[in-house]
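**Q** Pasting in a structure now, in structure tokens, and then I'll have a few things to ask.
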Amino acid sequence: MNLRPQEIEAILRGRHENPFSILGMHRGDDDLIYVNAFAPQAATVEVIEKASDAPLAKLVRLSDEGFFSGPVANRNTRFPYLLRFGAGDQSWISEDPFRFPPLLGDLDDYLFAEGKHFDLYRRLGAHPCTLEGVDGTAFSVWAPNARRVSVVGDFNAWDGRRHPMRKRLGSGIWEIFIPELAHGALYKFEILGVHGEIMPLKADPVSLSQEAPPATASIVTGIPDHDWGDKNWLAERANRQSVSSPISIYEVHLGSWRRDENNQLLNYDALADYLVDYVTDMGFTHVELMPVTEHPFTGSWGYQPIGLFAPTKRFGTPQQFCQFVDRLHRAGIGVIADWVPAHFPSDTHGLARFDGTALYEHEDPRLGFHQDWNTLIYNFGRTEVANFLQASALYWLDTFHIDALRVDAVASMLYLDYSRKEGQWIPNRLGGNHNLDAVDFLRTTNENVHARHLGALTIAEESTAWPGVSRPVRDGGLGFDFKWNMGWMHDTLEYMKRDPIHRRFHHWEMTFGLLYAYSENFVLPLSHDEVVHGKGSLLHKMPGDRWQKFANLRAYLAFMWAHPGKKLLFMGGEFAQEREWNHDRSLDWHLLADHSHRGIQDLVRDLNSTYRNNAALHELDCDPEGFEWIEQNDADRSVLAFLRKGRDGSPPILAVCNMTPVPHTDYRIGVPLHGRWTEILNSDAERYGGSNVGNCGGLDAQDIPSHGRPASLSMTLPPLATIMFRPERHHG
């Protein structure tokens, strides 16, 4: 075979842009079959027949650095073969990775270029497989501007010259099958950039597993093959996650919810041992996991992910994560995962300038750099990038049976001028500040999630007045199922932080949310964001002495559970964690030895039960027919009263809040029905740590009109408390 010296030199230097045109088996100009091999670790190379191990040719060493070539006698067509290498007194036999055919097909190229390859994780990345009867691993990665891409790892001494990949010209995807490479191998990609520069070694963007930080290599692993036991849950999921269902979410950071006695992380199996029973006992319907996608910096809590397809190795393997989700499902608990398509960190082993260009991000920092977080912004207008992200979203639902994705930082995606001053952003093609590409991306993602997974939800963390976030795409919305109600959270927390003597002047902070409560399908969030960065715990936001702090928190939580909207509470809030959340420590479970903390926990458990068992508190959460003010104007006494209503046939619930430490007797509240009204919950009950002021279990409605209703209750309002009543007889 007539090899040009410069081509051999390019192979030796790792600079050849099409190594498959040189290495492996080729027909020479003399019509003979030649085999070329680069083996710097060997002194001799022989071609042997695969079927018989018979030697067919001894290759000639054409360079001291290990390039071998030679004809195979009596062969004029391609055939399967092995290579026998020798070095000193050692020899070994191996398959030649350069003899295998392409891995992907034209349809893969087409779908990826169109942005519609939603099973991308089955094709890109590293996948153990069998090709032409040989076990090994198939590698594929998108790097269209690279001049050379190689797989490197312990198996080839991290030498990028050993396993350079074949480029698919139509898509810019590089691929190679490495025979005899098995599950568990560590690898990265060595990339020769667009200008011939060697890039820092890159983790696989579609790796299904990565080393636990601070190590950064990807790990060869297949898509988990779990024997799921959640058939019943999946069949019921659409009903359990509808806008009329009770949805009460326990937000969890797995690394600090509970640790062992030495403050070491628990794995997914051990976490499930505790978490399933605890969430079941507390009556939450769902857990929401702060991002479990792999991330290099623990202090980012997962919100700066590197591996959008890899459950973090901190807690175990992808298979263990499957088991973790399965155990929650079998206990009737839904699983929501935080998903972060808004931005990504600039760590050199990640996506930043992946092939020497701004491939996943924008070149212009006015479009591609987040000033608040020192992160990079995805180029949502590039079809391959949008496809990559959408495939990630679907992977978590397809593979791990995740029930909902809570999409982080949606506001930062929607606005080109998000947190930017004049001159720091570029208007869209219409001259406005909306990120039109991000809008299209979010709509397409939501439509694909709903089309492929019956009953699965998407939830937006979105803090602006963008219209229709939780409205269908067909109606001009973004297509989310729910939106976090950040305005409600901010206003009501500001109110609760005030000394009760001043609350009369800020009464609107508790009522304003009802003016827009039905503009979206809302989740009321008391999330991790409210108990970090010097904000203190929920308990310590409350004013007054210790008793008043606990009473305020009880009243607030009961008000929240009575208010329209689904519920979300960050871990520790359910037992009044005293210190601010620290991601490096377990929650302070020892506090439950104290009656006041245990009382908060008992209250939350009872609130969840009351919420689930009374249709009026959840059935019309997202419908204005489900709410009716009775008293919203008594600012002087800081009293609120309202009815929650379900569909015909379900009894209404009356909620009354007294947000001062002064009890009120003979306080009259109008009600729509005569008869007995049972006090079904009182946040001031002694069981919860309260003063036990109440209404002896219930009241009889008097034939005295009040608040525009035909009857009324003369009740005692406990100090700093929320109470709920239900009529004993109701006929719809």
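Chain lettering (A, B, ...) mirrors the order of the structure tokens, residue numbering begins at 1 for each chain separately, and ligand numbering begins at 1 in order of display.
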Running DSSP on the backbone, which parts of stretch 142-269 of chain A land in strand (DSSP E), as a ChimeraX atom specification?
**A** /A:142,148-152,166-168,173-179,186-192,218-219,248-252
**Q** For stretch 559-572 of chain A, find every residue with an atom within 6 Å (counting only C-alpha atoms), except residues of its own chain fewer than 3 positions away, and show them as an mmCIF file with C-alpha atoms, in the first residue's frame.
**A**
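Wrote it out as result_24.cif, contents follow:
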data_model
loop_
_atom_site.group_PDB
_atom_site.id
_atom_site.type_symbol
_atom_site.label_atom_id
_atom_site.label_comp_id
_atom_site.auth_asym_id
_atom_site.auth_seq_id
_atom_site.Cartn_x
_atom_site.Cartn_y
_atom_site.Cartn_z
ATOM 1 C CA ILE A 247 -50.217 17.417 45.555
ATOM 2 C CA SER A 248 -48.050 18.028 48.598
ATOM 3 C CA ILE A 249 -44.333 18.040 47.809
ATOM 4 C CA TYR A 250 -41.421 17.414 50.173
ATOM 5 C CA GLU A 251 -38.317 19.056 48.675
ATOM 6 C CA VAL A 252 -35.164 17.092 49.480
ATOM 7 C CA PHE A 522 -49.739 27.389 40.988
ATOM 8 C CA VAL A 523 -47.532 25.538 43.443
ATOM 9 C CA LEU A 524 -46.986 27.426 46.706
ATOM 10 C CA PRO A 525 -43.253 27.027 47.404
ATOM 11 C CA LEU A 526 -41.430 27.339 50.692
ATOM 12 C CA SER A 527 -38.250 26.044 49.083
ATOM 13 C CA HIS A 528 -34.561 25.748 49.883
ATOM 14 C CA TYR A 556 -48.477 30.271 58.546
ATOM 15 C CA PHE A 575 -40.177 20.191 62.152
ATOM 16 C CA GLN A 577 -35.255 23.345 61.825
ATOM 17 C CA ASP A 621 -57.053 24.464 43.531
#
**Q** Quick one, how far is atom CA of A:Ala272 from atom CA of A:Val604?
**A**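 Atom CA of A:Val604 lies at a distance of 21.1 Å from atom CA of A:Ala272.
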**Q** If we count only C-alpha atoms, what is near stretch 458-469 of chain A at a cut-off of 10 Å, once residues fewer than 3 positions away on the same chain are taken out, given as a compact mmCIF listing (two decimals) with all heavy atoms, in the first residue's frame?
**A**
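The result, stored in out-v9.txt:
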# COMPACT_ATOMS: atom_id res chain seq x y z
N ILE A 336 -40.37 13.94 41.74
CA ILE A 336 -40.09 15.10 40.91
C ILE A 336 -38.59 15.34 40.94
O ILE A 336 -37.98 15.29 42.01
CB ILE A 336 -40.83 16.35 41.43
CG1 ILE A 336 -42.34 16.08 41.50
CG2 ILE A 336 -40.54 17.58 40.56
CD1 ILE A 336 -43.11 17.14 42.27
N ALA A 337 -38.00 15.59 39.80
CA ALA A 337 -36.56 15.88 39.73
C ALA A 337 -36.35 17.29 39.20
O ALA A 337 -36.97 17.68 38.21
CB ALA A 337 -35.85 14.88 38.83
N ASP A 338 -35.50 18.05 39.87
CA ASP A 338 -35.11 19.35 39.36
C ASP A 338 -34.22 19.15 38.14
O ASP A 338 -33.27 18.35 38.18
CB ASP A 338 -34.36 20.15 40.42
CG ASP A 338 -35.30 20.78 41.43
OD1 ASP A 338 -36.49 20.42 41.43
OD2 ASP A 338 -34.85 21.62 42.23
N TRP A 339 -34.50 19.88 37.08
CA TRP A 339 -33.78 19.75 35.82
C TRP A 339 -33.33 21.15 35.40
O TRP A 339 -34.10 22.11 35.51
CB TRP A 339 -34.69 19.13 34.77
CG TRP A 339 -34.08 18.90 33.43
CD1 TRP A 339 -32.99 18.13 33.14
CD2 TRP A 339 -34.54 19.43 32.18
NE1 TRP A 339 -32.75 18.15 31.78
CE2 TRP A 339 -33.68 18.94 31.17
CE3 TRP A 339 -35.59 20.27 31.82
CZ2 TRP A 339 -33.84 19.27 29.83
CZ3 TRP A 339 -35.76 20.60 30.49
CH2 TRP A 339 -34.89 20.10 29.51
N ASP A 403 -41.58 11.29 37.54
CA ASP A 403 -42.97 11.68 37.31
C ASP A 403 -43.14 13.13 36.89
O ASP A 403 -44.16 13.48 36.30
CB ASP A 403 -43.78 11.45 38.58
CG ASP A 403 -43.71 10.00 39.02
OD1 ASP A 403 -44.20 9.14 38.29
OD2 ASP A 403 -43.14 9.74 40.11
N ALA A 404 -42.15 13.95 37.21
CA ALA A 404 -42.27 15.37 36.87
C ALA A 404 -40.88 15.98 36.86
O ALA A 404 -39.99 15.58 37.62
CB ALA A 404 -43.16 16.11 37.88
N LEU A 405 -40.71 16.96 35.99
CA LEU A 405 -39.49 17.76 35.95
C LEU A 405 -39.84 19.17 36.42
O LEU A 405 -40.73 19.81 35.86
CB LEU A 405 -38.92 17.81 34.54
CG LEU A 405 -38.48 16.48 33.92
CD1 LEU A 405 -38.08 16.69 32.47
CD2 LEU A 405 -37.33 15.86 34.71
N ARG A 406 -39.14 19.61 37.45
CA ARG A 406 -39.26 21.00 37.86
C ARG A 406 -38.10 21.73 37.18
O ARG A 406 -36.93 21.45 37.43
CB ARG A 406 -39.19 21.12 39.38
CG ARG A 406 -39.25 22.53 39.93
CD ARG A 406 -37.84 23.05 40.07
NE ARG A 406 -37.73 24.22 40.92
CZ ARG A 406 -36.59 24.85 41.14
NH1 ARG A 406 -35.46 24.43 40.58
NH2 ARG A 406 -36.54 25.90 41.91
N VAL A 407 -38.43 22.63 36.26
CA VAL A 407 -37.43 23.28 35.43
C VAL A 407 -36.93 24.53 36.13
O VAL A 407 -37.70 25.44 36.43
CB VAL A 407 -38.00 23.61 34.04
CG1 VAL A 407 -36.91 24.20 33.15
CG2 VAL A 407 -38.56 22.34 33.39
N ASP A 408 -35.65 24.56 36.38
CA ASP A 408 -35.03 25.62 37.18
C ASP A 408 -34.79 26.87 36.34
O ASP A 408 -34.50 26.80 35.15
CB ASP A 408 -33.69 25.11 37.72
CG ASP A 408 -32.99 26.12 38.62
OD1 ASP A 408 -33.56 26.46 39.66
OD2 ASP A 408 -31.89 26.55 38.26
N ALA A 409 -34.93 28.03 36.99
CA ALA A 409 -34.49 29.32 36.44
C ALA A 409 -35.11 29.62 35.08
O ALA A 409 -34.43 30.11 34.18
CB ALA A 409 -32.96 29.36 36.36
N VAL A 410 -36.40 29.36 34.94
CA VAL A 410 -37.06 29.60 33.66
C VAL A 410 -37.04 31.08 33.29
O VAL A 410 -36.87 31.44 32.12
CB VAL A 410 -38.50 29.05 33.69
CG1 VAL A 410 -39.30 29.50 32.46
CG2 VAL A 410 -38.49 27.52 33.78
N ALA A 411 -37.18 31.96 34.27
CA ALA A 411 -37.17 33.40 33.98
C ALA A 411 -35.88 33.81 33.28
O ALA A 411 -35.90 34.63 32.35
CB ALA A 411 -37.37 34.21 35.26
N SER A 412 -34.77 33.24 33.71
CA SER A 412 -33.49 33.61 33.09
C SER A 412 -33.40 33.13 31.64
O SER A 412 -32.63 33.68 30.86
CB SER A 412 -32.32 33.01 33.90
OG SER A 412 -32.19 31.62 33.68
N MET A 413 -34.21 32.15 31.29
CA MET A 413 -34.23 31.65 29.92
C MET A 413 -35.11 32.52 29.03
O MET A 413 -34.83 32.68 27.84
CB MET A 413 -34.75 30.21 29.90
CG MET A 413 -33.93 29.22 30.70
SD MET A 413 -34.74 27.59 30.85
CE MET A 413 -34.65 27.01 29.17
N LEU A 414 -36.15 33.08 29.59
CA LEU A 414 -37.16 33.76 28.78
C LEU A 414 -36.75 35.16 28.35
O LEU A 414 -37.23 35.66 27.32
CB LEU A 414 -38.47 33.85 29.56
CG LEU A 414 -39.18 32.52 29.85
CD1 LEU A 414 -40.39 32.76 30.73
CD2 LEU A 414 -39.58 31.84 28.56
N TYR A 415 -35.87 35.79 29.14
CA TYR A 415 -35.56 37.20 28.89
C TYR A 415 -34.09 37.38 28.51
O TYR A 415 -33.19 36.97 29.25
CB TYR A 415 -35.87 38.04 30.14
CG TYR A 415 -37.33 38.04 30.51
CD1 TYR A 415 -37.80 37.14 31.47
CD2 TYR A 415 -38.23 38.92 29.91
CE1 TYR A 415 -39.15 37.12 31.82
CE2 TYR A 415 -39.58 38.91 30.27
CZ TYR A 415 -40.03 38.01 31.21
OH TYR A 415 -41.36 38.01 31.56
N LEU A 442 -38.74 25.55 25.17
CA LEU A 442 -39.57 25.14 26.30
C LEU A 442 -40.90 24.56 25.83
O LEU A 442 -41.37 23.54 26.36
CB LEU A 442 -39.81 26.33 27.23
CG LEU A 442 -38.59 26.81 28.01
CD1 LEU A 442 -38.87 28.14 28.70
CD2 LEU A 442 -38.15 25.77 29.04
N ARG A 443 -41.50 25.19 24.84
CA ARG A 443 -42.77 24.67 24.33
C ARG A 443 -42.60 23.28 23.73
O ARG A 443 -43.40 22.37 24.00
CB ARG A 443 -43.33 25.64 23.28
CG ARG A 443 -43.89 26.92 23.88
CD ARG A 443 -44.28 27.92 22.81
NE ARG A 443 -45.03 29.03 23.38
CZ ARG A 443 -45.26 30.18 22.77
NH1 ARG A 443 -44.76 30.38 21.54
NH2 ARG A 443 -45.96 31.13 23.35
N THR A 445 -40.22 21.08 24.35
CA THR A 445 -39.90 20.13 25.42
C THR A 445 -41.15 19.71 26.16
O THR A 445 -41.38 18.51 26.40
CB THR A 445 -38.89 20.75 26.40
OG1 THR A 445 -37.70 21.11 25.70
CG2 THR A 445 -38.55 19.77 27.51
N ASN A 446 -41.99 20.66 26.53
CA ASN A 446 -43.22 20.32 27.26
C ASN A 446 -44.15 19.46 26.42
O ASN A 446 -44.74 18.49 26.93
CB ASN A 446 -43.93 21.61 27.70
CG ASN A 446 -43.20 22.31 28.83
OD1 ASN A 446 -42.57 21.65 29.66
ND2 ASN A 446 -43.26 23.62 28.87
N GLU A 447 -44.27 19.76 25.15
CA GLU A 447 -45.13 18.95 24.28
C GLU A 447 -44.59 17.53 24.16
O GLU A 447 -45.37 16.56 24.18
CB GLU A 447 -45.24 19.61 22.90
CG GLU A 447 -46.11 20.86 22.89
CD GLU A 447 -46.34 21.39 21.49
OE1 GLU A 447 -45.34 21.51 20.72
OE2 GLU A 447 -47.49 21.69 21.16
N VAL A 449 -42.67 15.88 26.33
CA VAL A 449 -42.86 15.18 27.61
C VAL A 449 -44.28 14.66 27.72
O VAL A 449 -44.53 13.50 28.06
CB VAL A 449 -42.54 16.13 28.79
CG1 VAL A 449 -43.06 15.55 30.11
CG2 VAL A 449 -41.03 16.35 28.90
N HIS A 450 -45.25 15.51 27.41
CA HIS A 450 -46.64 15.10 27.55
C HIS A 450 -47.05 14.06 26.52
O HIS A 450 -47.88 13.18 26.81
CB HIS A 450 -47.54 16.34 27.47
CG HIS A 450 -47.32 17.31 28.59
ND1 HIS A 450 -47.23 18.67 28.40
CD2 HIS A 450 -47.14 17.10 29.91
CE1 HIS A 450 -47.03 19.26 29.57
NE2 HIS A 450 -46.97 18.33 30.49
N PRO A 472 -51.64 25.58 27.91
CA PRO A 472 -51.20 24.73 26.79
C PRO A 472 -50.58 25.54 25.66
O PRO A 472 -50.94 26.70 25.42
CB PRO A 472 -52.50 24.06 26.33
CG PRO A 472 -53.42 24.13 27.51
CD PRO A 472 -53.07 25.40 28.21
N VAL A 473 -49.66 24.90 24.95
CA VAL A 473 -49.01 25.54 23.81
C VAL A 473 -50.05 25.91 22.75
O VAL A 473 -49.96 26.97 22.12
CB VAL A 473 -47.93 24.60 23.22
CG1 VAL A 473 -47.37 25.16 21.92
CG2 VAL A 473 -46.81 24.37 24.24
N ASP A 475 -52.82 27.06 23.13
CA ASP A 475 -53.50 28.30 23.52
C ASP A 475 -52.53 29.46 23.65
O ASP A 475 -52.88 30.50 24.22
CB ASP A 475 -54.25 28.09 24.84
CG ASP A 475 -55.37 27.07 24.71
OD1 ASP A 475 -55.89 26.90 23.59
OD2 ASP A 475 -55.70 26.43 25.72
N GLY A 476 -51.31 29.28 23.16
CA GLY A 476 -50.31 30.34 23.22
C GLY A 476 -49.46 30.32 24.47
O GLY A 476 -48.64 31.23 24.67
N GLY A 477 -49.62 29.30 25.34
CA GLY A 477 -48.84 29.22 26.57
C GLY A 477 -47.51 28.53 26.36
O GLY A 477 -47.16 28.11 25.25
N LEU A 478 -46.76 28.40 27.46
CA LEU A 478 -45.47 27.71 27.40
C LEU A 478 -45.63 26.20 27.55
O LEU A 478 -44.69 25.46 27.27
CB LEU A 478 -44.53 28.23 28.49
CG LEU A 478 -44.02 29.65 28.33
CD1 LEU A 478 -43.06 30.00 29.47
CD2 LEU A 478 -43.32 29.85 26.98
N GLY A 479 -46.78 25.75 28.04
CA GLY A 479 -47.04 24.32 28.08
C GLY A 479 -46.68 23.62 29.37
O GLY A 479 -46.78 22.39 29.45
N PHE A 480 -46.24 24.36 30.41
CA PHE A 480 -46.01 23.74 31.71
C PHE A 480 -47.34 23.36 32.35
O PHE A 480 -48.39 23.94 32.05
CB PHE A 480 -45.25 24.69 32.64
CG PHE A 480 -43.81 24.89 32.28
CD1 PHE A 480 -43.42 25.95 31.47
CD2 PHE A 480 -42.84 24.03 32.75
CE1 PHE A 480 -42.09 26.16 31.14
CE2 PHE A 480 -41.50 24.22 32.42
CZ PHE A 480 -41.13 25.28 31.62
N ASP A 481 -47.29 22.41 33.28
CA ASP A 481 -48.49 22.03 34.02
C ASP A 481 -48.71 22.94 35.23
O ASP A 481 -49.85 23.25 35.57
CB ASP A 481 -48.39 20.58 34.49
CG ASP A 481 -48.32 19.62 33.33
OD1 ASP A 481 -49.38 19.33 32.74
OD2 ASP A 481 -47.21 19.17 32.99
N PHE A 482 -47.61 23.32 35.88
CA PHE A 482 -47.69 24.17 37.07
C PHE A 482 -46.55 25.19 37.05
O PHE A 482 -45.55 25.01 36.36
CB PHE A 482 -47.58 23.33 38.36
CG PHE A 482 -48.76 22.44 38.60
CD1 PHE A 482 -48.73 21.09 38.25
CD2 PHE A 482 -49.92 22.94 39.20
CE1 PHE A 482 -49.81 20.26 38.48
CE2 PHE A 482 -51.01 22.11 39.43
CZ PHE A 482 -50.96 20.78 39.07
N LYS A 483 -46.74 26.22 37.84
CA LYS A 483 -45.73 27.26 38.01
C LYS A 483 -45.60 27.55 39.50
O LYS A 483 -46.59 27.63 40.22
CB LYS A 483 -46.13 28.53 37.25
CG LYS A 483 -45.28 29.76 37.56
CD LYS A 483 -45.76 30.99 36.81
CE LYS A 483 -45.06 32.24 37.33
NZ LYS A 483 -45.38 33.44 36.53
N TRP A 484 -44.37 27.71 39.96
CA TRP A 484 -44.15 28.15 41.34
C TRP A 484 -44.70 29.56 41.52
O TRP A 484 -44.44 30.44 40.68
CB TRP A 484 -42.66 28.14 41.66
CG TRP A 484 -42.13 26.80 42.09
CD1 TRP A 484 -42.69 25.58 41.86
CD2 TRP A 484 -40.92 26.56 42.82
NE1 TRP A 484 -41.90 24.60 42.40
CE2 TRP A 484 -40.81 25.18 42.99
CE3 TRP A 484 -39.93 27.39 43.32
CZ2 TRP A 484 -39.74 24.60 43.67
CZ3 TRP A 484 -38.85 26.81 43.99
CH2 TRP A 484 -38.77 25.43 44.16
N ASN A 485 -45.42 29.77 42.62
CA ASN A 485 -45.98 31.09 42.91
C ASN A 485 -44.99 31.87 43.78
O ASN A 485 -45.13 31.93 45.01
CB ASN A 485 -47.34 30.96 43.60
CG ASN A 485 -48.11 32.26 43.60
OD1 ASN A 485 -47.52 33.34 43.50
ND2 ASN A 485 -49.42 32.16 43.72
N MET A 486 -44.01 32.46 43.13
CA MET A 486 -42.96 33.18 43.86
C MET A 486 -43.50 34.46 44.49
O MET A 486 -43.03 34.89 45.55
CB MET A 486 -41.81 33.50 42.90
CG MET A 486 -41.32 32.32 42.07
SD MET A 486 -40.53 31.06 43.08
CE MET A 486 -38.91 31.80 43.28
N GLY A 487 -44.49 35.09 43.84
CA GLY A 487 -45.06 36.30 44.40
C GLY A 487 -45.77 36.03 45.71
O GLY A 487 -45.60 36.78 46.69
N SER A 519 -54.52 32.83 37.54
CA SER A 519 -53.92 33.16 36.25
C SER A 519 -52.99 32.05 35.77
O SER A 519 -52.68 31.96 34.58
CB SER A 519 -53.13 34.47 36.36
OG SER A 519 -52.07 34.35 37.29
N GLU A 520 -52.54 31.21 36.70
CA GLU A 520 -51.70 30.06 36.40
C GLU A 520 -52.14 28.90 37.29
O GLU A 520 -52.90 29.09 38.25
CB GLU A 520 -50.22 30.37 36.67
CG GLU A 520 -49.64 31.53 35.90
CD GLU A 520 -49.21 31.18 34.48
OE1 GLU A 520 -49.42 30.01 34.07
OE2 GLU A 520 -48.69 32.07 33.79
N ASN A 521 -51.64 27.71 37.00
CA ASN A 521 -51.78 26.58 37.92
C ASN A 521 -50.59 26.64 38.87
O ASN A 521 -49.46 26.34 38.47
CB ASN A 521 -51.80 25.26 37.16
CG ASN A 521 -52.93 25.18 36.17
OD1 ASN A 521 -53.97 25.80 36.35
ND2 ASN A 521 -52.73 24.41 35.11
N PHE A 522 -50.84 27.03 40.10
CA PHE A 522 -49.74 27.39 40.99
C PHE A 522 -49.37 26.29 41.98
O PHE A 522 -50.24 25.55 42.48
CB PHE A 522 -50.08 28.65 41.78
CG PHE A 522 -49.87 29.93 41.03
CD1 PHE A 522 -50.91 30.84 40.88
CD2 PHE A 522 -48.63 30.25 40.49
CE1 PHE A 522 -50.72 32.04 40.20
CE2 PHE A 522 -48.42 31.44 39.81
CZ PHE A 522 -49.48 32.34 39.67
N VAL A 523 -48.07 26.24 42.28
CA VAL A 523 -47.53 25.54 43.44
C VAL A 523 -47.05 26.61 44.42
O VAL A 523 -46.35 27.55 44.01
CB VAL A 523 -46.35 24.63 43.05
CG1 VAL A 523 -45.69 24.03 44.30
CG2 VAL A 523 -46.81 23.52 42.11
N PRO A 525 -44.55 27.58 47.02
CA PRO A 525 -43.25 27.03 47.40
C PRO A 525 -42.62 27.71 48.63
O PRO A 525 -42.38 28.91 48.65
CB PRO A 525 -42.40 27.32 46.16
CG PRO A 525 -42.95 28.65 45.66
CD PRO A 525 -44.39 28.74 46.10
**Q** Please provide as a PyMOL selection string all residues within 7 Å of A:Gly283, with the sequence filter that same-chain residues fewer than 5 positions apart are discarded (counting only C-alpha atoms).
**A** chain A and resi 605+608-609
**Q** Counting only C-alpha atoms, what is within 10 Å of A:Glu574, bar same-chain residues fewer than 5 positions away, as a list of chain:residue names?
**A** A:Tyr250, A:Met282, A:Leu538, A:Arg554, A:Leu557, A:Leu569, A:His597, A:Arg598, A:Gly599, A:Ile600, A:Gln601, A:Asp602, A:Leu603, A:Val604, A:Arg605
**Q** Mind writing the picked residues with C-alpha atoms as a PDB file, in the first residue's frame?
**A**
ATOM      1  CA  TYR A 250     -41.421  17.414  50.173  1.00  0.00           C
ATOM      2  CA  MET A 282     -45.795  12.488  56.986  1.00  0.00           C
ATOM      3  CA  LEU A 538     -38.412  29.491  58.576  1.00  0.00           C
ATOM      4  CA  ARG A 554     -47.844  26.936  62.813  1.00  0.00           C
ATOM      5  CA  LEU A 557     -48.172  26.610  57.535  1.00  0.00           C
ATOM      6  CA  LEU A 569     -42.061  22.491  51.702  1.00  0.00           C
ATOM      7  CA  HIS A 597     -40.486  20.916  67.204  1.00  0.00           C
ATOM      8  CA  ARG A 598     -42.410  17.665  67.373  1.00  0.00           C
ATOM      9  CA  GLY A 599     -45.600  19.720  67.454  1.00  0.00           C
ATOM     10  CA  ILE A 600     -44.726  21.383  64.133  1.00  0.00           C
ATOM     11  CA  GLN A 601     -44.074  17.947  62.651  1.00  0.00           C
ATOM     12  CA  ASP A 602     -47.403  16.646  63.951  1.00  0.00           C
ATOM     13  CA  LEU A 603     -49.145  19.685  62.493  1.00  0.00           C
ATOM     14  CA  VAL A 604     -47.637  19.182  59.037  1.00  0.00           C
ATOM     15  CA  ARG A 605     -48.597  15.514  59.135  1.00  0.00           C
TER      16      ARG A 605
END
**Q** Report the distance between atom CA of A:Pro661 and atom CA of A:Thr492 in Å, rounded to one decimal place.
**A**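 Atom-to-atom, atom CA of A:Pro661 and atom CA of A:Thr492 are spaced 17.5 Å apart.
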**Q** For A:Leu720, which residue among A:Met496, A:Met510, A:Ile219, A:Leu539 is the nearest when counting only C-alpha atoms?
**A**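 Result for the nearest residue to A:Leu720: A:Met496.
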**Q** Wanna dump the stretch 372-407 of chain A-stretch 356-365 of chain A contacts at 6 Å for me, each residue with its shortest atom pair and the distance in Å to one decimal, counting only C-alpha atoms, ordered by chain and number, as a Markdown table?
**A**
| residue | atom | partner | partner_atom | distance |
| --- | --- | --- | --- | --- |
| A:Ile377 | CA | A:Glu361 | CA | 5.5 |
| A:Tyr378 | CA | A:Glu361 | CA | 4.5 |
| A:Asn379 | CA | A:Glu361 | CA | 4.9 |
| A:Val385 | CA | A:Tyr360 | CA | 6.0 |
**Q** Nearest residue to A:Thr722 out of A:Phe400, A:Phe68, A:Phe627, A:Phe642, using only C-alpha atoms?
**A**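 Closest to A:Thr722, using only C-alpha atoms: A:Phe642.
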**Q** Which residue gives the smallest distance to A:Trp174 among A:Asn18, A:Ser242, A:Asn36, A:Asn695, with only C-alpha atoms counted?
**A** A:Asn18
**Q** Counting only C-alpha atoms, what is within 12 Å of A:Arg15, bar same-chain residues fewer than 2 positions away, as a PyMOL selection string?
**A** chain A and resi 6-13+17-19+146-150+160-162+164-165+190-198
**Q** For stretch 118-120 of chain A, work out the shell of residues within 9 Å, counting only C-alpha atoms and skipping chain neighbours fewer than 6 positions away, then give it as a list of chain:residue names.
**A** A:Asp108, A:Leu111, A:Phe112, A:Val206, A:Asn387, A:Phe388, A:Gln390, A:Ala391, A:Ser392, A:Leu394, A:Tyr395, A:Asn448
**Q** I need the residue nearest A:Ala203 from this list: A:Arg237, A:His183, A:His349, A:His295. Use only C-alpha atoms for the distance.
**A**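 Residue with the minimum atom-to-atom distance to A:Ala203: A:His349.
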**Q** Residues of stretch 366-421 of chain A classed as alpha helix (DSSP H) by DSSP on the backbone are to be reported as an NGL selection string.
**A** :A and (366-368 or 383-400 or 410-414)
**Q** Measuring atom to atom with only C-alpha atoms, identify which of A:Thr610, A:Asn682, A:Thr44, A:Ser21 is nearest to A:Arg61.
**A**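 Between A:Thr610, A:Asn682, A:Thr44, A:Ser21, the residue approaching A:Arg61 most closely is A:Thr44.
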**Q** Taking only C-alpha atoms into account, name the residue in A:Phe155, A:Trp396, A:Phe344, A:Trp228 that is nearest to A:Leu376.
**A**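 For A:Leu376, the nearest of the candidates is A:Phe344.
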